[in-house]
Amino acid sequence: MGSRKEPRGIKTAKDIERQFNVLRMLFAVSIALGIAFLIILLISKDPLGALRSFVLGPLSTKRRMGNILEAATPLLFTGVGVCLIFSANQTNMAVEGGFLLGALGGTIGATLFQLPPFLHPAFSIFLGGLCGAVACYVPALLYVRFNAKPVVSSLMTNYICMYLALGIINHLLRDPNAGFLASFKFAPTSLLPKLLKGTNIHAGIFIGLAVIVLGYLYLYRSKRGYEIRAVGMNVNFAAYSGIPVNKVIMNAQLLGGFVAGMGGAVEVLGMYTRFQYQGQTGHGFDGILVGIIAGYNPKFVLPAALFLAYVRVGADVMSRMNDIPIELVSIVQAVIIMLVVAERFLYKMKHRKLVEAAHRGLALGVAAHE
Amino acid sequence: MNSTILASIFSAEFAYSVVRVTTPLLFAALAALVCNRGGVLNIAFEGAMLTAAFCGVIGSAYSQNLYVGLLSGLAGGIGIMLLLGYFNLVLNANVVLTGIALNTFASGGTVFMLYVLCNDKGLSTSLKSLAFPNVSIPLIKDIPVLGTILSGHNVLTYLSFLCAYIVYLLIFKTPLGLRIRAVGENPNAAASVGVNVIRIKFVTLIIGGFIASLGGIYMSMGYLTWFGRDMVAGRGFIGIAAQNLGNASTLPTFLAALFFGFANALSNVLQTQNLPAEAVQAIPYIATLVGLAAYASSTRKNRKRKG
């Protein structure tokens, strides 16, 4: 935007900054994949076969392509939730617990209530959203009221959410006839319709896309969203310009938790017929990765989620066809996060570009004056 | 039912189990204390402990030597801390996000290696790994109740108590401790009198990694005698909370760790008593939240917050 006022061919510092963020992300992803390839080469007895399953496996059948979209769907929600929360500079990781509580809320809506078809999933998802908001409310409240940093409190909240959800499922909603630890079956009216035969792609993906659009509009095109980002960038400046900091921080986290909780409900109603999680799902932490790759901008949550889902499905195919366990994904994820958040990674290159641009700008300016 | 619970809580065996489950929490809390004092508090202790637990088991299983196991465990845990240091201090990465990444790495990486080395994704029981012995203390073990509580623990449990005292001496009574605290309190001031801030922070991380690793090693080579997937289960985080509750001073931190150990042991006892296990398992985490709120609000009275 800033470049419009500048003479053509000159990049402003902002442009270079933005370009470098993209470049650094691509570098990080490539290095992470490179490390994954290296590990495969070192460990596998059939490295080429393993690599082929990893890279091409996800595209080999319709079912697996469907798996990518299925795996990406919950990440759309947790990803947007993380964008909202982390944009306010709150490292509240309760989206993980929020997702699970959201699944619980969805289960309650789908098993204890009887509603007409269209209304039933909508109500259940709303209930899930409320539960998710409750999860994120705990660390948010501890911060706003008691000034306790959300890092540790949100991790504790995740464990509490897990035991709460499992406790309620196992003691109040457990179906003794299920043959395994699971809730009663969801009412058929509450299930989200499948979209494509032979896959499990369900209507939840549209809800996810809607959440992305709304999340983007809210965070980048509304006054409230601007406040969130202003608080995230510089809390003192925001406070001095009259933004009610605590309220904004609270809003961002409640909203983020709501979205994550919706994701939990959508996931169980779209993919399963009972609540059958036995622990944390990891979708919240994956959402943090998605948020980081997307630069906390909902606009980029879709590609980030698709990328992560692709890697996941690839690793899954590989773990079933070859001798490489799926946990390889965690290593890839860790490397990506670390390189993306490392400010000084590729810093020299960026610095040189910035200096060059400044020199050129200066030269042009001098020429114009003469 | 209530009387049986009370009876089991007010028994020497229960007190013994409190000491037993406190050990890893105490190590984690002490590691967090050192790092907090040095201005490098982070959440990667969890990953460091898990990595140490894994490397200890692998090292001892392949060498059949307890000390090789100890050393490889320490190397693994300190390695995680050094990675954190490199990214945080040299590459300017956000310390929380790097911590998340390293915890993810440790959680997935250990299972990955477990599968590669023993073809199992859950437990390392197929490996013949070693464990640190339990020891009876000569005179104390003959004292009626106290003997049952204090004697017969793992070597590392005694080491954890000793460690609390060593940390106290190190941080508050030595020149290095003074530097660590100076860097933690005001890095610019420390730098202005010629202290190499980055180096001191790395040293702090190594000390913290060392202590946290002992906690991880205790998990897989003392508390249990095998490595299990994600076996640290949040103890690193609880350690941070205990340190927080203890205001980064040694004795209060020690007591806070003991409190969390008590909550943990209580949940173990109550689980056998037909109570909803989930409610009981959540106790330590709820206690942590309450502790965090209590601590944060107590310090807040002295300080006005803007906004």
# chains A, B, ... in the order shown; residues from 1 in each chain; ligands from 1
call {"tool": "interface_residues", "arguments": {"of": "chain B", "to": "chain A", "cutoff": "8 Å", "atoms": "only C-alpha atoms", "output": "PyMOL selection string"}}
result
chain B and resi 87-88+90-94+96-98+100-102+104-105+107-109+111-112+115-116+237+240-241+276-279+281-282+285-286+288-289+292-294+296-297+300+306-307
call {"tool": "residues_around", "arguments": {"residues": "B:Arg181", "least_positions_apart": "4", "cutoff": "9 Å", "atoms": "only C-alpha atoms", "output": "PyMOL selection string"}}
result
chain B and resi 34+36-39+171-172+176-177+185-186
call {"tool": "write_last_selection", "arguments": {"atoms": "C-alpha atoms", "output": "short mmCIF file (atom, residue, chain, number, x, y, z; two decimals), in the first residue's frame"}}
result
data_model
loop_
_atom_site.label_atom_id
_atom_site.label_comp_id
_atom_site.auth_asym_id
_atom_site.auth_seq_id
_atom_site.Cartn_x
_atom_site.Cartn_y
_atom_site.Cartn_z
CA VAL B 34 17.39 -21.02 38.08
CA ASN B 36 13.73 -17.47 35.99
CA ARG B 37 16.49 -15.87 38.04
CA GLY B 38 18.62 -15.72 34.92
CA GLY B 39 15.87 -14.19 32.78
CA ILE B 171 22.19 -18.72 43.07
CA PHE B 172 22.44 -16.72 46.28
CA LEU B 176 28.20 -16.95 39.30
CA GLY B 177 24.83 -16.83 41.04
CA GLU B 185 17.09 -8.62 36.75
CA ASN B 186 18.58 -6.09 34.40
#
call {"tool": "closest_atom_pairs", "arguments": {"of": "stretch 127-179 of chain B", "to": "stretch 248-270 of chain B", "cutoff": "12 Å", "atoms": "only C-alpha atoms", "output": "Markdown table"}}
result
| residue | atom | partner | partner_atom | distance |
| --- | --- | --- | --- | --- |
| B:Ser160 | CA | B:Phe254 | CA | 10.0 |
| B:Phe161 | CA | B:Phe254 | CA | 8.6 |
| B:Leu162 | CA | B:Phe254 | CA | 11.2 |
| B:Cys163 | CA | B:Thr250 | CA | 10.3 |
| B:Ala164 | CA | B:Thr250 | CA | 6.7 |
| B:Tyr165 | CA | B:Thr250 | CA | 7.8 |
| B:Ile166 | CA | B:Thr250 | CA | 9.9 |
| B:Val167 | CA | B:Thr250 | CA | 7.5 |
| B:Tyr168 | CA | B:Thr250 | CA | 5.9 |
| B:Leu169 | CA | B:Thr250 | CA | 9.7 |
| B:Leu170 | CA | B:Thr250 | CA | 10.9 |
| B:Ile171 | CA | B:Thr250 | CA | 9.3 |
| B:Phe172 | CA | B:Thr250 | CA | 9.6 |
call {"tool": "select_by_dssp", "arguments": {"residues": "stretch 27-275 of chain B", "states": "helix (DSSP H, G or I)", "output": "PyMOL selection string"}}
result
chain B and resi 27-37+45-63+66-90+95-118+140-142+144-150+155-173+175-185+187-192+197-223+235-245+250-271
call {"tool": "decode", "arguments": {"residues": "stretch 146-204 of chain A", "atoms": "C-alpha atoms", "output": "tab-separated table (two decimals), in the first residue's frame"}}
result
chain	number	residue	atom	x	y	z
A	146	PHE	CA	-4.76	-11.36	38.40
A	147	ASN	CA	-2.07	-10.57	35.84
A	148	ALA	CA	-1.07	-14.25	35.60
A	149	LYS	CA	0.60	-14.85	32.22
A	150	PRO	CA	-1.51	-17.19	30.08
A	151	VAL	CA	1.37	-19.49	29.10
A	152	VAL	CA	1.26	-21.80	32.11
A	153	SER	CA	-2.37	-21.20	33.03
A	154	SER	CA	-3.58	-22.14	29.55
A	155	LEU	CA	-1.58	-25.37	29.61
A	156	MET	CA	-3.12	-26.24	32.97
A	157	THR	CA	-6.54	-25.33	31.57
A	158	ASN	CA	-5.99	-27.80	28.75
A	159	TYR	CA	-5.49	-30.64	31.20
A	160	ILE	CA	-8.53	-29.59	33.21
A	161	CYS	CA	-10.64	-29.40	30.04
A	162	MET	CA	-9.47	-32.86	29.08
A	163	TYR	CA	-10.43	-34.42	32.39
A	164	LEU	CA	-13.68	-32.48	32.45
A	165	ALA	CA	-14.68	-33.64	28.99
A	166	LEU	CA	-13.63	-37.25	29.56
A	167	GLY	CA	-15.27	-37.28	32.98
A	168	ILE	CA	-18.60	-36.06	31.67
A	169	ILE	CA	-18.50	-38.46	28.74
A	170	ASN	CA	-17.48	-41.46	30.84
A	171	HIS	CA	-19.86	-40.88	33.73
A	172	LEU	CA	-22.88	-39.11	32.29
A	173	LEU	CA	-23.03	-39.66	28.55
A	174	ARG	CA	-21.34	-43.02	28.20
A	175	ASP	CA	-23.12	-45.60	26.11
A	176	PRO	CA	-22.63	-48.94	27.90
A	177	ASN	CA	-23.59	-50.78	24.71
A	178	ALA	CA	-20.94	-49.12	22.59
A	179	GLY	CA	-18.34	-51.76	23.39
A	180	PHE	CA	-15.72	-49.09	23.95
A	181	LEU	CA	-15.40	-45.80	25.82
A	182	ALA	CA	-17.70	-43.53	23.85
A	183	SER	CA	-20.80	-41.37	24.25
A	184	PHE	CA	-24.30	-42.23	23.13
A	185	LYS	CA	-24.84	-42.02	19.39
A	186	PHE	CA	-25.53	-38.58	18.02
A	187	ALA	CA	-29.07	-38.00	16.84
A	188	PRO	CA	-29.17	-38.47	13.04
A	189	THR	CA	-30.67	-35.00	12.69
A	190	SER	CA	-27.56	-33.47	14.23
A	191	LEU	CA	-24.96	-34.94	11.87
A	192	LEU	CA	-23.32	-32.77	9.26
A	193	PRO	CA	-23.95	-34.14	5.76
A	194	LYS	CA	-21.12	-35.77	3.83
A	195	LEU	CA	-20.33	-34.03	0.59
A	196	LEU	CA	-18.60	-36.61	-1.55
A	197	LYS	CA	-19.11	-40.34	-1.77
A	198	GLY	CA	-16.08	-42.44	-0.88
A	199	THR	CA	-14.66	-39.71	1.35
A	200	ASN	CA	-15.55	-38.23	4.71
A	201	ILE	CA	-15.51	-34.64	3.51
A	202	HIS	CA	-18.42	-33.00	5.29
A	203	ALA	CA	-20.30	-29.72	5.32
A	204	GLY	CA	-18.06	-28.52	8.14
